Amino acid sequence: MNFALIFLIIIFSISLFFYGKSKTRSLALQNNLKLNALPKFYGYYLVLWCSIPSLVFLLIWTLFEPIIIKSIIIDNAAKLGANISDKNEANLIYEKIKAIHLGTYFGDIDNILQQSALSYSKFIGLFTNSKIVLIFSVIIGSILYSLKKIKNNNKARDDVEIILKGLLFVSSLIAILTTLGIIFSLLFESIKFFSVINIFDYLFGTNWSPQRAFVRDASSITVAEYEELKDAFGFIPLIAGTSFIALIAMFVAVPIGLFSGIYMAEYASTKIRRISKPIIEILAGIPTVVYGFFAALTVGPFFRQFGESLGLTVSSESALAAGLIMGIMIIPYISSLSDDVINSVPQSLRDGSYAVGATKSETIKQVVIPAALPGIIGSVLLAVSRAIGETMIVVMAAGLAANLTINPLESTTTITTQIVMILVGDQEFDSPKTQSAFALGLTLFIATLILNYVAQRAVKKYREKYD
Amino acid sequence: MSDIKIKSKNLNVYYGNKQALFDVNLDLNEKEVTALIGPSGCGKSTFIRCINRMNDVIDICKVTGNIEIDGIEINSKELDVVSLRERVGMVFQKPNPFPKSIYDNISYGPKIHGKGESKNELDEIVENSLRKAALWEEVKDRLNEPGTGLSGGQQQRLCIARAISVNPEVILMDEPCSALDPIATAKIEELIDELKKTYTIVIVTHSMAQAVRVSQKTGFFHLGKLIEVGKTEKIFKNPDNKMTQDYITGRFG
Amino acid sequence: MTKEKRLKKRHNAEKRFRFYGLASIFLALLFVLILVQNIFSKGSSAFMKTAINVTVFYDPELLGVKNGATKDEILEADFFDITIDTLLKTFPTNNLDEENQLIDLFTTDAELEIKNALINNSNLLGKTVSLEITSSDDIDQLHKGNYPRDLPEERRRISNFQLSIYDNFLENKKIIKNFNNYFFKNGDSRDPEIAGIGGALVGSFYSILICLLLSFPIAVLASIYLEEFAPKNKITDFIEININNLAAVPSIVYGLLALQILLATIQLPRSTPLVAGITLALMTLPRIIIPCRASLKAVPPSIREGALAVGASKFQSVFHHVVPLALPGTLSGTIIGLAQALGETAPLILIGMVAFVVDIPSTPIDPSSSLPVQVYLWSESAERGFVEKTSATIMMLLSFLIVMNFLAVYLRQKFEKRWN
């Protein structure tokens with residue numbers, strides 16, 4: 001249906017383009033007018049007026065139609081006496097009604113369902129018909145308006161450009177809308193979560209075991225129940241595990257990345273640089289699920305066997321394996337950023353150091369690195385933010401149980417792992433367990449936001465200093 | 001007449017395929033200021049960068065021929081470029097203090113060369129160098145402030161102090177005043193006059209007036225060739241070469 | 001300390017420092033090598049499958065169809081008995097247990113393979129032909145040498161009796177290696193020997209297509225606005241900071257966004273490439289805008305002024321002159337953004353693409369998987385056969401990424417003008 005309508009709008013637009021172009025041209029010839037813009041701009045003008053309002057209308061309609069129909073149908077069914085106590089049951093009944101309408105439902109059909117299905121068919125028909133009528137009136141209305149405009153020989157080019165500029169502006173707003181969407185969706189569930197679980201119990205609790213929170217109506221929790229619940233959502237072990245794995249990753253990535261960056265910027269010949277830089281950057285292009293697979297199937301078992309041969313107990317989901325692989329993934333982020341940063345240290349500083357007789361490494365250590373330090377710190381912070389937000393490596397290679405440990409050979413879990421574990425498969429909406437994933441997401445979002453902001457400020461300030 | 005400190009013989013320099021210096025033969029006298037003049041891109045900077053082998057930093061640069069300091073060849077493989085630069089300091093066109101404190105800027109050189117083992121010795125070197133560079137009175141109360149916070153002229157004197165701090169024999173100056181205002185320039189010129197008592201100085205300059213004011217000997221470069229060299233007075237009053245004559249009278253430049 | 005000693009020490013420090021740098025680069029390169037080698041050595045065998053040569057007699061009586069039956073009649077026929085008959089004929093057995101063990105050497109789809117052969121050529125009815133039936137995963141892995149046969153029997157999935165059959169087959173040259181068409185053609189399955197990435201390939205294709213269609217135009221328009229038209233004010237600054245931050249938001253957060261907005265609020269269908277494409281587009285958008293703006297910025301102002309000077313409007317100068325010049329950089333940035341999106345896993349897991357989907361999706365609103373999610377799914381499976389399948393999937397994924405990245409580099413180097 002929608003495709004047919006879009007097709008129709010396109011056809012209308014194309015014919016209007018040619019109509020507008022020739023019409024204005026002939027008008028100009030007849031009345032010996034000097035046009036304010038080339039005839040084709042009058043064509044564009046008509047096209048924009050014909051397509052944009054109708055497409056926007058169609059989009060909004062399509063987004064809201066199912067939601068409205070659903071709420072009407074569910075309300076109706078409830079009035080008819082259907083037993084709808086929560087969202088899941090409502091969804092189930094709605095799916096059944098839809099299936100009956102499509103003729104693909106083979107279960108028992110009771111009276112309520114039958115009637116609901118009938119009214120569903122009725123509403124679908126009604127909505128489709130009114131959609132078609134309304135779209136046509138939108139199209140015709142805007143065509144009439146724009147035709148009247150071009151008859152008066154308006155400045156079509158300026159108008160077209162104003163509309164297009166609006167379109168450009170709206171496109172750039174999508175970024176802000178995305179941010180708002182993220183904040184809204186995280187906050188929405190998090191607020192529900194924190195209305196059940198005290199925020200201090202979350203932030204300072206030392207025990208994380210959300211599986212203990214059975215599905216229950218979050219809005220009516222008794223004091224006794226809360227006592228049992230409150231230490232199921234302690235954030236401390238997660239932040240500890242996340243930081244611990246990130247720390248191990250940094251132990252791998254910072255020295256290797258920094259030294260590679262220094263070598264590339266200061267020592268490597270153009271030829272070596274041209275070959276090795278892209279190869280190292282391959283590490284950044286490999287999907288993280290591949291690292292996860294490698295960590296879980298090769299590195300983890302290898303560490304366990306190696307540990308056994310030394311008489312150590314190593315978990316096959318050790319923090320060490322996950323951290324090591326994450327560190328490898330992060331090497332190129334640090335190496336290429338620090339390479340850039342070091343390259344932008346002015347040559348005159350190096351010359352000054354060589355001129356008093358410093359060796360290359362003395363110059364690097366005592367002049368170049370101190371000068372580049374803000375930029376280097378910025379790149380490390382960005383890498384830390386990557387590490388704590390990284391998901392697949394830890395989901396596949398780190399543990400699931402929240403242990404508070406500082407032994408790298410044991411398994412720990414991370415914020416991202418828990419989000420995935422809670423939300424994979426079927427979720428019960430409105431249970432504190434599901435909502436806790438959004439609270440974790442919010443925490444993660446805020447943490448990475450702060451890190452990124454500080455890092456980008458540091459790098460930017462540094463760049464300005466030497467530009 | 002003083003002794004010859006630096007002697008270049010058939011010096012050729014290439015940047016990739018482009019030849020920048022052609023058979024330069026030039027003797028520089030000890031404890032004297034030699035000025036090198038000539039139009040932009042004529043090779044005067046390239047020449048002085050050969051004296052402390054700063055051209056090593058540029059990958060595509062190739063040097064043939066000889067430069068001797070006190071009769072010792074400096075382009076030989078055995079010569080340690082680090083200790084050469086300890087003996088031949090350099091001051092650049094644009095002041096380039098390190099982004100460190102004034103004190104650290106000066107003490108950097110002595111520290112890496114192992115001069116001034118104790119704090120007292122270092123303090124002394126810093127004070128002496130700054131005094132010699134005529135900067136001590138201006139900065140003695142703020143030695144811990146960053147060197148980049150000084151004015152342009154002060155920064156350049158700081159760089160001169162930095163060059164002096166390792167007690168070199170030769171100081172190379174690559175247009176040291178081109179980024180400075182006239183007052184700061186006058187101060188630096190005064191300073192050069194003072195320094196020539198202790199050091200052999202080679203200065204590249206665009207300003208002929210400056211060459212006349214500070215130098216005893218002048219060399220004129222054009223298109224990578226040393227056209228004429230001689231006593232400053234002679235070069236500016238009565239040059240042998242027609243091209244030198246044209247340059248100093250401002251017919252080209 | 002004498003001067004010489006000190007100099008020597010300093011030069012040694014220089015060499016050490018240089019060595020650390022070189023060693024770091026070497027280590028990083030070594031990691032790339034180990035990773036790639038590991039994946040290739042595990043995965044390359046998945047492109048071949050093991051088959052066993054059997055002799056089938058298409059007995060019309062057993063099938064319950066007459067000679068000269070139509071295709072529809074063959075489709076209706078029951079091939080179970082004939083399959084059991086055929087498989088049992090391959091090796092003598094003494095009891096029911098041994099019979100079961102023998103049948104277990106073949107794929108669970110043996111019946112389907114025998115049936116398809118007849119459907120493809122109905123002349124075979126009443127005739128005896130030799131067919132290549134895909135072996136079970138265990139035999140496949142054993143034949144490829146991925147399965148240790150020297151374990152004690154109770155710890156092996158393959159019994160001694162099965163081993164002796166395998167050896168007998170091998171001796172009689174009944175075991176063949178074929179190109180593994182199932183791997184590319186089939187959807188997911190619980191049985192490794194017939195599991196394939198067909199569904200994941202189509203799912204990834206749809207997702208990336210939708211991602212491209214949404215993110216590329218919006219990113220280009222937004223970049224043009226920000227770079228060419230936006231007034232320098234607080235709002236523009238805010239948008240700019242916003243975009244930079246969005247590019248660094250962890251991908252899983254986009255998964256939460258999609259879950260809440262696209263699935264829970266707008267109620268788009270779960271597990272579908274449509275939702276995946278929209279989610280990836282939101283994630284990719286800032287990652288494309290950044291290189292887009294950089295290449296617009298690289299076009300020198302003289303080009304704009306030149307166009308304005310002949311009386312073009314601001315719009316014409318931008319769209320006729322600046323945008324075409326910035327296009328190579330824009331396209332290469334887009335391809336790199338899409339390559340990242342192609343490898344993205346975490347947000348897709350949250351929108352339910354981990355569901356077990358056997359059918360190959362025919363539209364973007366059918367439930368589906370995607371290549372990286374398939375890697376995740378299979379890597380969680382215990383069967384040995386899935387290890388090579390996972391590695392092979394990774395090989396496919398990596399080769400797509402390599403092609404995309406080369407394309408991006410090529411575009412940039414070939415068409416981008418250098419401004420000095």
# chains A, B, ... in the order shown; residues from 1 in each chain; ligands from 1
call {"tool": "interface_residues", "arguments": {"of": "chain B", "to": "chain C", "cutoff": "9 Å", "atoms": "only C-alpha atoms", "output": "PDB file with C-alpha atoms, in the first residue's frame"}}
result
ATOM      1  CA  ASP B  80      80.011  11.094  16.947  1.00  0.00           C
ATOM      2  CA  VAL B  82      76.255  14.069  19.449  1.00  0.00           C
ATOM      3  CA  SER B  83      79.616  15.267  20.673  1.00  0.00           C
ATOM      4  CA  ILE B 112      72.308  15.156  29.008  1.00  0.00           C
ATOM      5  CA  HIS B 113      76.044  15.671  28.611  1.00  0.00           C
ATOM      6  CA  GLY B 114      76.676  14.879  32.266  1.00  0.00           C
TER       7      GLY B 114
END
call {"tool": "residues_around", "arguments": {"residues": "segment 212-226 of chain B", "least_positions_apart": "2", "cutoff": "6 Å", "atoms": "only C-alpha atoms", "output": "compact mmCIF listing (two decimals) with N, CA and C atoms, in the first residue's frame"}}
result
# COMPACT_ATOMS: atom_id res chain seq x y z
N ALA B 20 71.97 21.63 -3.75
CA ALA B 20 71.75 22.89 -3.04
C ALA B 20 73.04 23.67 -2.85
N LEU B 21 74.18 22.98 -2.79
CA LEU B 21 75.47 23.68 -2.64
C LEU B 21 76.44 23.12 -3.67
N PHE B 22 77.23 24.01 -4.27
CA PHE B 22 78.18 23.59 -5.30
C PHE B 22 79.60 23.95 -4.86
N VAL B 24 81.63 24.36 -2.26
CA VAL B 24 81.89 25.52 -1.41
C VAL B 24 83.22 25.35 -0.68
N VAL B 33 83.31 36.90 14.04
CA VAL B 33 81.97 36.70 13.51
C VAL B 33 82.03 36.71 11.99
N THR B 34 81.55 35.61 11.41
CA THR B 34 81.48 35.56 9.96
C THR B 34 80.02 35.66 9.57
N ALA B 35 79.70 36.58 8.68
CA ALA B 35 78.32 36.72 8.23
C ALA B 35 78.19 36.09 6.85
N LEU B 36 77.08 35.38 6.65
CA LEU B 36 76.80 34.83 5.32
C LEU B 36 75.57 35.54 4.78
N ILE B 37 75.72 36.14 3.60
CA ILE B 37 74.58 36.87 3.03
C ILE B 37 74.25 36.29 1.66
N GLY B 38 73.11 36.68 1.16
CA GLY B 38 72.69 36.21 -0.15
C GLY B 38 71.18 36.14 -0.20
N CYS B 42 69.63 30.57 -1.32
CA CYS B 42 70.93 30.54 -1.98
C CYS B 42 71.86 29.52 -1.35
N GLY B 43 71.45 28.92 -0.24
CA GLY B 43 72.26 27.85 0.34
C GLY B 43 73.04 28.25 1.58
N ALA B 209 72.83 45.45 6.59
CA ALA B 209 73.26 46.37 7.64
C ALA B 209 73.74 45.59 8.86
N GLN B 210 72.98 44.52 9.15
CA GLN B 210 73.37 43.70 10.29
C GLN B 210 74.74 43.06 10.06
N GLU B 228 81.73 35.19 -3.34
CA GLU B 228 82.87 35.99 -2.89
C GLU B 228 82.93 35.96 -1.38
N VAL B 229 84.17 35.97 -0.84
CA VAL B 229 84.30 36.04 0.60
C VAL B 229 85.49 36.94 0.92
N GLY B 230 85.38 37.66 2.01
CA GLY B 230 86.49 38.52 2.38
C GLY B 230 86.16 39.35 3.61
N LYS B 231 87.04 40.25 3.96
CA LYS B 231 86.78 41.15 5.08
C LYS B 231 85.46 41.89 4.83
N THR B 232 84.66 42.03 5.85
CA THR B 232 83.34 42.66 5.70
C THR B 232 83.46 44.03 5.04
call {"tool": "select_by_dssp", "arguments": {"residues": "segment 2-61 of chain B", "states": "alpha helix (DSSP H)", "output": "PyMOL selection string"}}
result
chain B and resi 44-51
call {"tool": "closest_atom_pairs", "arguments": {"of": "chain C", "to": "chain A", "cutoff": "6 Å", "atoms": "only C-alpha atoms", "output": "JSON lines"}}
result
{"residue": "C:Glu14", "atom": "CA", "partner": "A:Ser361", "partner_atom": "CA", "distance": 5.3}
{"residue": "C:Gly21", "atom": "CA", "partner": "A:Phe259", "partner_atom": "CA", "distance": 4.6}
{"residue": "C:Ser24", "atom": "CA", "partner": "A:Ile256", "partner_atom": "CA", "distance": 4.9}
{"residue": "C:Ile25", "atom": "CA", "partner": "A:Ser260", "partner_atom": "CA", "distance": 5.0}
{"residue": "C:Ile218", "atom": "CA", "partner": "A:Ser171", "partner_atom": "CA", "distance": 5.4}
{"residue": "C:Leu221", "atom": "CA", "partner": "A:Leu168", "partner_atom": "CA", "distance": 5.1}
{"residue": "C:Ala222", "atom": "CA", "partner": "A:Ser172", "partner_atom": "CA", "distance": 4.1}
{"residue": "C:Tyr225", "atom": "CA", "partner": "A:Leu168", "partner_atom": "CA", "distance": 5.4}
{"residue": "C:Pro250", "atom": "CA", "partner": "A:Gly389", "partner_atom": "CA", "distance": 4.9}
{"residue": "C:Leu257", "atom": "CA", "partner": "A:Ile182", "partner_atom": "CA", "distance": 5.3}
{"residue": "C:Gln260", "atom": "CA", "partner": "A:Ser185", "partner_atom": "CA", "distance": 5.6}
{"residue": "C:Gly343", "atom": "CA", "partner": "A:Pro287", "partner_atom": "CA", "distance": 4.7}
{"residue": "C:Leu350", "atom": "CA", "partner": "A:Val424", "partner_atom": "CA", "distance": 6.0}
call {"tool": "interface_residues", "arguments": {"of": "chain A", "to": "chain B", "cutoff": "10 Å", "atoms": "only C-alpha atoms", "output": "NGL selection string"}}
result
:A and (269-270 or 346-360 or 362-363 or 366-368 or 370-372)
call {"tool": "write_last_selection", "arguments": {"atoms": "N, CA and C atoms", "output": "short mmCIF file (atom, residue, chain, number, x, y, z; two decimals), in the first residue's frame"}}
result
data_model
loop_
_atom_site.label_atom_id
_atom_site.label_comp_id
_atom_site.auth_asym_id
_atom_site.auth_seq_id
_atom_site.Cartn_x
_atom_site.Cartn_y
_atom_site.Cartn_z
N SER A 269 61.31 4.68 8.25
CA SER A 269 61.45 5.30 6.93
C SER A 269 60.07 5.33 6.29
N THR A 270 59.92 6.17 5.28
CA THR A 270 58.62 6.30 4.64
C THR A 270 58.10 4.95 4.18
N PRO A 346 56.20 20.53 16.59
CA PRO A 346 56.99 21.21 15.55
C PRO A 346 58.44 20.71 15.49
N GLN A 347 58.94 20.62 14.27
CA GLN A 347 60.31 20.16 14.05
C GLN A 347 61.32 21.08 14.76
N SER A 348 60.96 22.36 14.91
CA SER A 348 61.93 23.30 15.49
C SER A 348 62.32 22.89 16.91
N LEU A 349 61.37 22.26 17.63
CA LEU A 349 61.71 21.82 18.98
C LEU A 349 62.74 20.72 18.93
N ARG A 350 62.57 19.80 18.00
CA ARG A 350 63.55 18.72 17.87
C ARG A 350 64.90 19.30 17.48
N ASP A 351 64.88 20.24 16.52
CA ASP A 351 66.14 20.86 16.08
C ASP A 351 66.86 21.49 17.26
N GLY A 352 66.09 22.20 18.10
CA GLY A 352 66.69 22.84 19.25
C GLY A 352 67.38 21.84 20.14
N SER A 353 66.76 20.69 20.30
CA SER A 353 67.34 19.67 21.17
C SER A 353 68.57 19.04 20.52
N TYR A 354 68.47 18.74 19.22
CA TYR A 354 69.65 18.16 18.55
C TYR A 354 70.81 19.13 18.59
N ALA A 355 70.49 20.42 18.49
CA ALA A 355 71.55 21.42 18.39
C ALA A 355 72.38 21.52 19.66
N VAL A 356 71.81 21.13 20.81
CA VAL A 356 72.66 21.11 22.00
C VAL A 356 73.31 19.75 22.18
N GLY A 357 73.11 18.84 21.20
CA GLY A 357 73.82 17.58 21.25
C GLY A 357 73.05 16.44 21.88
N ALA A 358 71.71 16.52 21.87
CA ALA A 358 70.94 15.41 22.41
C ALA A 358 70.82 14.30 21.37
N THR A 359 70.75 13.05 21.83
CA THR A 359 70.49 11.96 20.89
C THR A 359 69.01 11.96 20.57
N LYS A 360 68.65 11.12 19.59
CA LYS A 360 67.25 11.08 19.17
C LYS A 360 66.34 10.65 20.32
N GLU A 362 66.88 10.83 23.52
CA GLU A 362 66.81 11.87 24.55
C GLU A 362 65.85 12.97 24.13
N THR A 363 65.93 13.32 22.85
CA THR A 363 65.02 14.35 22.33
C THR A 363 63.57 13.90 22.47
N GLN A 366 62.60 13.66 26.33
CA GLN A 366 62.61 14.85 27.16
C GLN A 366 61.99 16.06 26.51
N VAL A 367 61.86 16.05 25.19
CA VAL A 367 61.27 17.21 24.54
C VAL A 367 59.96 16.87 23.83
N VAL A 368 60.00 15.83 22.98
CA VAL A 368 58.83 15.55 22.15
C VAL A 368 57.65 15.03 22.98
N PRO A 370 57.04 15.19 26.32
CA PRO A 370 56.41 16.19 27.18
C PRO A 370 55.58 17.18 26.40
N ALA A 371 56.05 17.57 25.20
CA ALA A 371 55.28 18.52 24.41
C ALA A 371 53.98 17.90 23.93
N ALA A 372 54.02 16.59 23.62
CA ALA A 372 52.84 15.92 23.06
C ALA A 372 51.94 15.34 24.13
#
call {"tool": "atom_distance", "arguments": {"atom1": "atom CA of Leu282 of chain C", "atom2": "atom CA of Pro347 of chain C"}}
result
11.2 Å
call {"tool": "atom_distance", "arguments": {"atom1": "atom CA of Phe91 of chain C", "atom2": "atom CA of Thr134 of chain C"}}
result
16.4 Å
